[in-house]
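Have a look at the structure below before the remarks.
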Amino acid sequence: MKQLLLATALIVLPAAAFFVLMPQSPKAVAESEAASGLGDLTPFEAIVTDVQAIAATGDFVAAEKRVSDFETAWDDAEPELRARDAAGWGSVDDAADAAFAALRAGDPDKVKVAETLGALQSTLHAPVTAMGTGVATLVAGIVVTDVTGHAIPCEEMLKDLTAAIDGGKIAAANQAQATEYQSKATERCNADDDKRADEFSAHGLALASK
Amino acid sequence: MPPITASIRHMRINRVPQVTAEFWLIKLMAVTMGETAADYLAVNMGLGLTATSLIMAGILVVALALQFAQRRYVPWSYWLAVVLISIVGTLITDNLVDNFGVSLVTTTTGFTLALAATFAFWFASERTLSIHAIFTGRREGFYWLAILFTFALGTAAGDLVAEQFGLGYLSTGILFGLIIASLTFGYALLGLDPILGFWLAYIFTRPLGASLGDLLSQPTEYGGTGFGTILTSAIFLAVIVLTVIWVSATHRGEEIG
């Protein structure tokens with residue numbers, strides 16, 4: 001009994017010291033991340049508000065210019081945001097793509113532009129995260145989690161992607177990109193990072209339907 | 001040598017190595033090698049988790065048969081069994097979590113109980129848990145079963161800490177390194193039971209080895225140093241092979257009970 005107490009103390013004390021001496025309590029970081037998912041997205045929301053205001057005047061050229069600022073900032077933030085919450089990032093990215101497409105159409109449709117910008121704004125406000133949504137999460141239109149938000153085993157998704165590539169289901173023009181997604185997914189899957197591996201696999205599989 | 005002396009020697013030679021610095025060095029390297037090899041088969045070769053688990057379990061059975069056939073400590077056979085047990089122990093946890101959706105809290109608790117039960121049966125049967133007196137098949141059976149559960153438990157506990165606290169590879173390595181240093185200190189100065197200390201260190205070297213391996217192999221954008229899995233595995237394998245050759249040549253680690 002005395003030995004067990006000694007052993008427990010020898011394990012708990014260094015662990016406690018580690019967490020006390022950590023520059024920032026990792027538990028607090030984990031909690032704030034779980035609460036906000038992607039963190040503070042208000043700068044992005046502000047740009048979208050601008051774009052909505054400009055688009056409402058019917059000046060789609062200026063609106064397109066302003067939305068390019070969003071695109072640049074969003075692309076710059078991609079590695080960090082994706083690392084925080086791949087599913088949340090994916091949901092905003094898809095909404096942003098729809099808004100870009102609407103604004104960059106040859107003759108932009110005012111209703112469509114307003115709709116897609118509104119959807120982007122609400123997605124930014126509440127990104128669809130993999131946690132506790134109660135429905136399977138989609139990335140690029142491909143299911144990447146089960147209904148409880150648990151990532152599909154990355155080995156399974158990779159198998160599907162490899163089958164799609166080997167089976168010639170991906171157009172020649174997209175082959176290189178699909179193979180790149182495949183190697184990135186493989187690399188993440190090796191690191192037991194199912195969530196990000198599935199994200200890459202999903203983007204690869206999405207190419208099969210193009 | 002007369003037959004009777006041979007059979008007495010035969011009975012009393014410890015079949016597992018002494019616990020020395022090189023023991024821990026090979027053990028730590030074996031952990032990472034094991035994980036990388038399992039990942040390579042499951043992911044890069046596209047065999048999937050289930051097929052990989054079955055193949056590795058099959059190879060493990062062969063390696064254990066080889067090990068049980070030895071009547072004394074033979075480094076290559078012993079360490080081959082450890083590397084394979086490391087792979088299979090990791091795969092058991094991965095399967096439970098990824099394929100059966102068992103939570104890491106459940107697996108951690110479950111393997112703690114399984115390990116405790118193994119020690120209870122071991123002690124009830126042999127009246128000792130000594131790792132210096134493994135000279136019957138039954139004791140060796142308990143020894144390897146305990147090792148299998150320490151790997152499964154180490155994987156579950158390490159993943160649980162990583163998931164709960166979101167620590168980087170280096171931080172995780174430092175955390176488990178501190179715990180192992182503390183246990184060493186307790187053993188050297190505070191009278192921690194050597195057998196208890198040994199098994200606890202055995203559990204915690206699993207997450208330590210895994211985080212060091214990830215730190216070296218993972219790309220810099222995910223917090224690693226970007227050596228890649230192939231180079232990292234090659235370095236670790238080289239360290240294992242050289243150390244095993246060295247202990248074989250010098251007969252270090254042998255122990256006559």
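Lettering and numbering for the structure tokens are positional, with chains as A, B, ... in the shown order, residues counted from 1 in each chain, and ligands counted from 1 in the shown order.
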Subject >> Interface residues on chain B facing chain A, 9 Å, only C-alpha atoms, written as a PyMOL selection string >> reply: chain B and resi 36+38-40+42-44+46-49+94+98-99+101+164-167+174-176+178-183+185-186+190-193+196-197+200+214+218+221-222+229
Pull C-alpha atoms from the residues just selected and write them as a CSV table (one decimal), in the first residue's frame.
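Output contents, as saved in again-v5.csv:
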chain,number,residue,atom,x,y,z
B,36,THR,CA,5.9,3.1,-37.6
B,38,ALA,CA,2.3,-0.9,-38.2
B,39,ASP,CA,1.4,2.5,-39.7
B,40,TYR,CA,3.3,1.6,-42.9
B,42,ALA,CA,-2.0,-0.2,-42.5
B,43,VAL,CA,-1.7,3.1,-44.4
B,44,ASN,CA,1.1,3.2,-47.0
B,46,GLY,CA,-3.3,0.1,-47.8
B,47,LEU,CA,-3.9,-3.1,-45.9
B,48,GLY,CA,-6.2,-1.4,-43.4
B,49,LEU,CA,-6.3,-1.8,-39.7
B,94,ASP,CA,-6.2,1.5,-32.3
B,98,ASP,CA,-11.1,3.4,-34.4
B,99,ASN,CA,-13.1,0.3,-35.4
B,101,GLY,CA,-15.6,3.3,-31.1
B,164,GLN,CA,-7.3,15.8,-23.7
B,165,PHE,CA,-4.6,18.4,-23.4
B,166,GLY,CA,-3.6,18.9,-27.0
B,167,LEU,CA,0.1,19.0,-26.1
B,174,ILE,CA,8.9,16.2,-21.7
B,175,LEU,CA,5.9,15.3,-19.6
B,176,PHE,CA,6.5,11.5,-19.8
B,178,LEU,CA,9.7,13.9,-16.2
B,179,ILE,CA,7.5,11.1,-14.9
B,180,ILE,CA,10.1,8.5,-15.7
B,181,ALA,CA,12.9,10.6,-14.1
B,182,SER,CA,10.7,10.9,-11.0
B,183,LEU,CA,10.2,7.1,-10.9
B,185,PHE,CA,14.6,9.1,-8.4
B,186,GLY,CA,12.0,7.2,-6.3
B,190,LEU,CA,13.1,6.7,-1.8
B,191,GLY,CA,13.0,3.0,-1.7
B,192,LEU,CA,10.4,2.5,-4.5
B,193,ASP,CA,10.0,-1.2,-5.1
B,196,LEU,CA,6.8,-1.9,-9.3
B,197,GLY,CA,9.1,0.8,-10.6
B,200,LEU,CA,5.6,1.6,-14.3
B,214,ASP,CA,6.6,11.7,-34.0
B,218,GLN,CA,6.5,14.7,-38.5
B,221,GLU,CA,4.0,22.4,-40.1
B,222,TYR,CA,2.6,19.9,-37.6
B,229,THR,CA,9.0,8.3,-41.1
Original post:
Which neighbours of Phe111 in chain B fall inside 10 Å, counting only C-alpha atoms, when residues of the same chain fewer than 6 positions from it are skipped, and could you give them as a list in words?
Top reply: Thr93, Ala117, Leu148, Phe149, Thr150, Phe151, Ala152, Leu153, Gly154, Ala156 and Ala157 of chain B
**OP:** as an MDAnalysis selection string, please: all residues of range 91-253 of chain B that backbone DSSP puts in helix (DSSP H, G or I).
**Re:** chainID B and resid 91:99 104:126 137:165 169:189 194:217 220:222 229:250
I need the chosen residues saved as a short mmCIF file (atom, residue, chain, number, x, y, z; two decimals), in the first residue's frame, with C-alpha atoms.
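Written output follows (out_0.cif):
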data_model
loop_
_atom_site.label_atom_id
_atom_site.label_comp_id
_atom_site.auth_asym_id
_atom_site.auth_seq_id
_atom_site.Cartn_x
_atom_site.Cartn_y
_atom_site.Cartn_z
CA LEU B 91 -2.97 -2.15 -32.86
CA ILE B 92 -5.29 -3.56 -30.16
CA THR B 93 -5.86 -0.05 -28.81
CA ASP B 94 -6.18 1.49 -32.31
CA ASN B 95 -8.73 -1.18 -33.28
CA LEU B 96 -10.83 -0.67 -30.17
CA VAL B 97 -10.83 3.10 -30.63
CA ASP B 98 -11.11 3.41 -34.45
CA ASN B 99 -13.11 0.32 -35.42
CA LEU B 104 -9.85 6.24 -24.70
CA VAL B 105 -11.01 6.62 -21.09
CA THR B 106 -12.59 3.16 -21.29
CA THR B 107 -9.54 1.57 -22.94
CA THR B 108 -7.19 3.17 -20.40
CA THR B 109 -9.29 1.90 -17.48
CA GLY B 110 -9.80 -1.50 -19.10
CA PHE B 111 -6.10 -2.12 -19.74
CA THR B 112 -5.19 -0.94 -16.23
CA LEU B 113 -7.56 -3.59 -14.84
CA ALA B 114 -6.27 -6.24 -17.28
CA LEU B 115 -2.69 -5.51 -16.22
CA ALA B 116 -3.62 -5.59 -12.52
CA ALA B 117 -5.40 -8.93 -13.05
CA THR B 118 -2.32 -10.34 -14.83
CA PHE B 119 -0.13 -9.39 -11.88
CA ALA B 120 -2.67 -10.80 -9.41
CA PHE B 121 -2.76 -14.18 -11.20
CA TRP B 122 1.03 -14.12 -11.62
CA PHE B 123 1.54 -13.55 -7.89
CA ALA B 124 -1.16 -16.04 -6.85
CA SER B 125 0.45 -18.70 -9.01
CA GLU B 126 4.15 -18.02 -8.41
CA GLY B 137 7.34 -21.40 -19.33
CA ARG B 138 4.48 -20.30 -17.07
CA ARG B 139 6.40 -17.36 -15.60
CA GLU B 140 7.51 -16.35 -19.07
CA GLY B 141 3.87 -16.51 -20.16
CA PHE B 142 2.87 -14.07 -17.39
CA TYR B 143 5.85 -11.85 -18.27
CA TRP B 144 4.85 -11.51 -21.94
CA LEU B 145 1.16 -11.06 -21.15
CA ALA B 146 2.06 -8.23 -18.76
CA ILE B 147 4.26 -6.67 -21.47
CA LEU B 148 1.42 -6.85 -24.02
CA PHE B 149 -0.93 -5.01 -21.64
CA THR B 150 1.68 -2.35 -20.75
CA PHE B 151 1.98 -1.50 -24.46
CA ALA B 152 -1.79 -1.36 -24.92
CA LEU B 153 -2.16 0.71 -21.74
CA GLY B 154 0.76 2.99 -22.65
CA THR B 155 -0.80 3.67 -26.08
CA ALA B 156 -4.25 4.39 -24.62
CA ALA B 157 -2.93 6.59 -21.79
CA GLY B 158 -0.55 8.48 -24.11
CA ASP B 159 -3.28 9.12 -26.72
CA LEU B 160 -5.68 10.15 -23.95
CA VAL B 161 -3.24 12.76 -22.61
CA ALA B 162 -2.50 14.02 -26.14
CA GLU B 163 -6.23 14.27 -26.96
CA GLN B 164 -7.34 15.83 -23.65
CA PHE B 165 -4.61 18.42 -23.38
CA TYR B 169 5.10 16.18 -29.45
CA LEU B 170 7.91 17.87 -27.55
CA SER B 171 5.71 18.78 -24.56
CA THR B 172 4.34 15.24 -24.38
CA GLY B 173 7.89 13.90 -24.48
CA ILE B 174 8.93 16.24 -21.67
CA LEU B 175 5.89 15.29 -19.56
CA PHE B 176 6.52 11.54 -19.79
CA GLY B 177 10.28 12.05 -19.49
CA LEU B 178 9.68 13.90 -16.19
CA ILE B 179 7.49 11.09 -14.86
CA ILE B 180 10.14 8.48 -15.75
CA ALA B 181 12.88 10.63 -14.14
CA SER B 182 10.72 10.93 -11.01
CA LEU B 183 10.21 7.15 -10.86
CA THR B 184 13.98 6.66 -11.27
CA PHE B 185 14.59 9.10 -8.42
CA GLY B 186 12.05 7.24 -6.26
CA TYR B 187 13.72 3.91 -6.99
CA ALA B 188 17.23 5.21 -6.32
CA LEU B 189 16.57 7.30 -3.21
CA PRO B 194 12.17 -2.23 -8.07
CA ILE B 195 9.54 -4.50 -9.63
CA LEU B 196 6.77 -1.90 -9.31
CA GLY B 197 9.13 0.80 -10.61
CA PHE B 198 10.14 -1.40 -13.54
CA TRP B 199 6.58 -2.00 -14.75
CA LEU B 200 5.57 1.64 -14.30
CA ALA B 201 8.60 2.79 -16.30
CA TYR B 202 7.72 0.14 -18.90
CA ILE B 203 4.26 1.69 -19.32
CA PHE B 204 5.49 5.29 -19.54
CA THR B 205 8.29 4.62 -22.03
CA ARG B 206 5.55 3.76 -24.57
CA PRO B 207 4.14 7.32 -24.87
CA LEU B 208 7.65 8.75 -24.45
CA GLY B 209 8.98 6.71 -27.39
CA ALA B 210 5.94 7.49 -29.54
CA SER B 211 6.20 11.26 -28.98
CA LEU B 212 9.95 11.27 -29.68
CA GLY B 213 9.36 9.32 -32.89
CA ASP B 214 6.61 11.72 -33.98
CA LEU B 215 8.78 14.71 -33.07
CA LEU B 216 11.52 13.49 -35.40
CA SER B 217 9.36 12.17 -38.23
CA THR B 220 7.54 21.04 -39.30
CA GLU B 221 4.05 22.41 -40.08
CA TYR B 222 2.61 19.89 -37.59
CA THR B 229 9.03 8.26 -41.14
CA ILE B 230 11.47 6.34 -43.31
CA LEU B 231 14.62 8.14 -42.11
CA THR B 232 13.43 8.12 -38.48
CA SER B 233 12.64 4.40 -38.61
CA ALA B 234 15.99 3.71 -40.25
CA ILE B 235 17.84 5.58 -37.48
CA PHE B 236 15.90 3.77 -34.75
CA LEU B 237 16.30 0.38 -36.40
CA ALA B 238 20.05 0.98 -36.73
CA VAL B 239 20.30 1.83 -33.02
CA ILE B 240 18.37 -1.35 -32.10
CA VAL B 241 20.40 -3.62 -34.37
CA LEU B 242 23.75 -2.19 -33.26
CA THR B 243 22.83 -2.42 -29.58
CA VAL B 244 21.51 -5.97 -29.95
CA ILE B 245 24.70 -7.00 -31.79
CA TRP B 246 26.74 -5.37 -29.02
CA VAL B 247 24.85 -7.06 -26.15
CA SER B 248 25.02 -10.38 -28.00
CA ALA B 249 28.76 -10.08 -28.52
CA THR B 250 29.49 -9.05 -24.94
#
Original post:
Which distance in Å separates CA of Ala178 in chain A and CA of Ala197 in chain A, to one decimal?
Top reply: 13.3 Å
Subject >> All residues 12 Å or closer to range 54-64 of chain A, only C-alpha atoms, same chain fewer than 3 positions away omitted, as number ranges by chain >> reply: A: 47-51, 67-71, 99-118
Subject >> Distance query range 200-206 of chain A at most 8 Å, only C-alpha atoms, self and fewer than 2 positions along chain excluded, as number ranges by chain >> reply: A: 139-144, 157-158, 160-161, 164, 177-179, 181-182, 184-185, 196-198, 208-210
Original post:
Can you list, as a list in words, every residue of range 45-196 of chain A that DSSP puts in strand (DSSP E)?
Top reply: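 Of range 45-196 of chain A, only Leu138, Val139, Ile142 and Val143 of chain A fall in strand (DSSP E).
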Could you write those residues out with C-alpha atoms, as a JSON list (two decimals), in the first residue's frame?
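Final file, out33.json:
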[["chain", "number", "residue", "atom", "x", "y", "z"],
["A", 138, "LEU", "CA", -19.19, 16.70, -44.78],
["A", 139, "VAL", "CA", -15.97, 17.96, -46.32],
["A", 142, "ILE", "CA", -17.91, 13.75, -48.76],
["A", 143, "VAL", "CA", -18.90, 12.22, -45.42]]
Original post:
What is the distance, in Å and to one decimal place, between CA of Ser91 in chain A and CA of Ala77 in chain A?
Top reply: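 Between these atoms lies a distance of 14.7 Å.
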**OP:** Could you jot down the CA of Ile87 in chain B to CA of Ile59 in chain B separation for me, Å, one decimal place?
**Re:**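 Atom-to-atom, CA of Ile87 in chain B and CA of Ile59 in chain B are spaced 10.6 Å apart.
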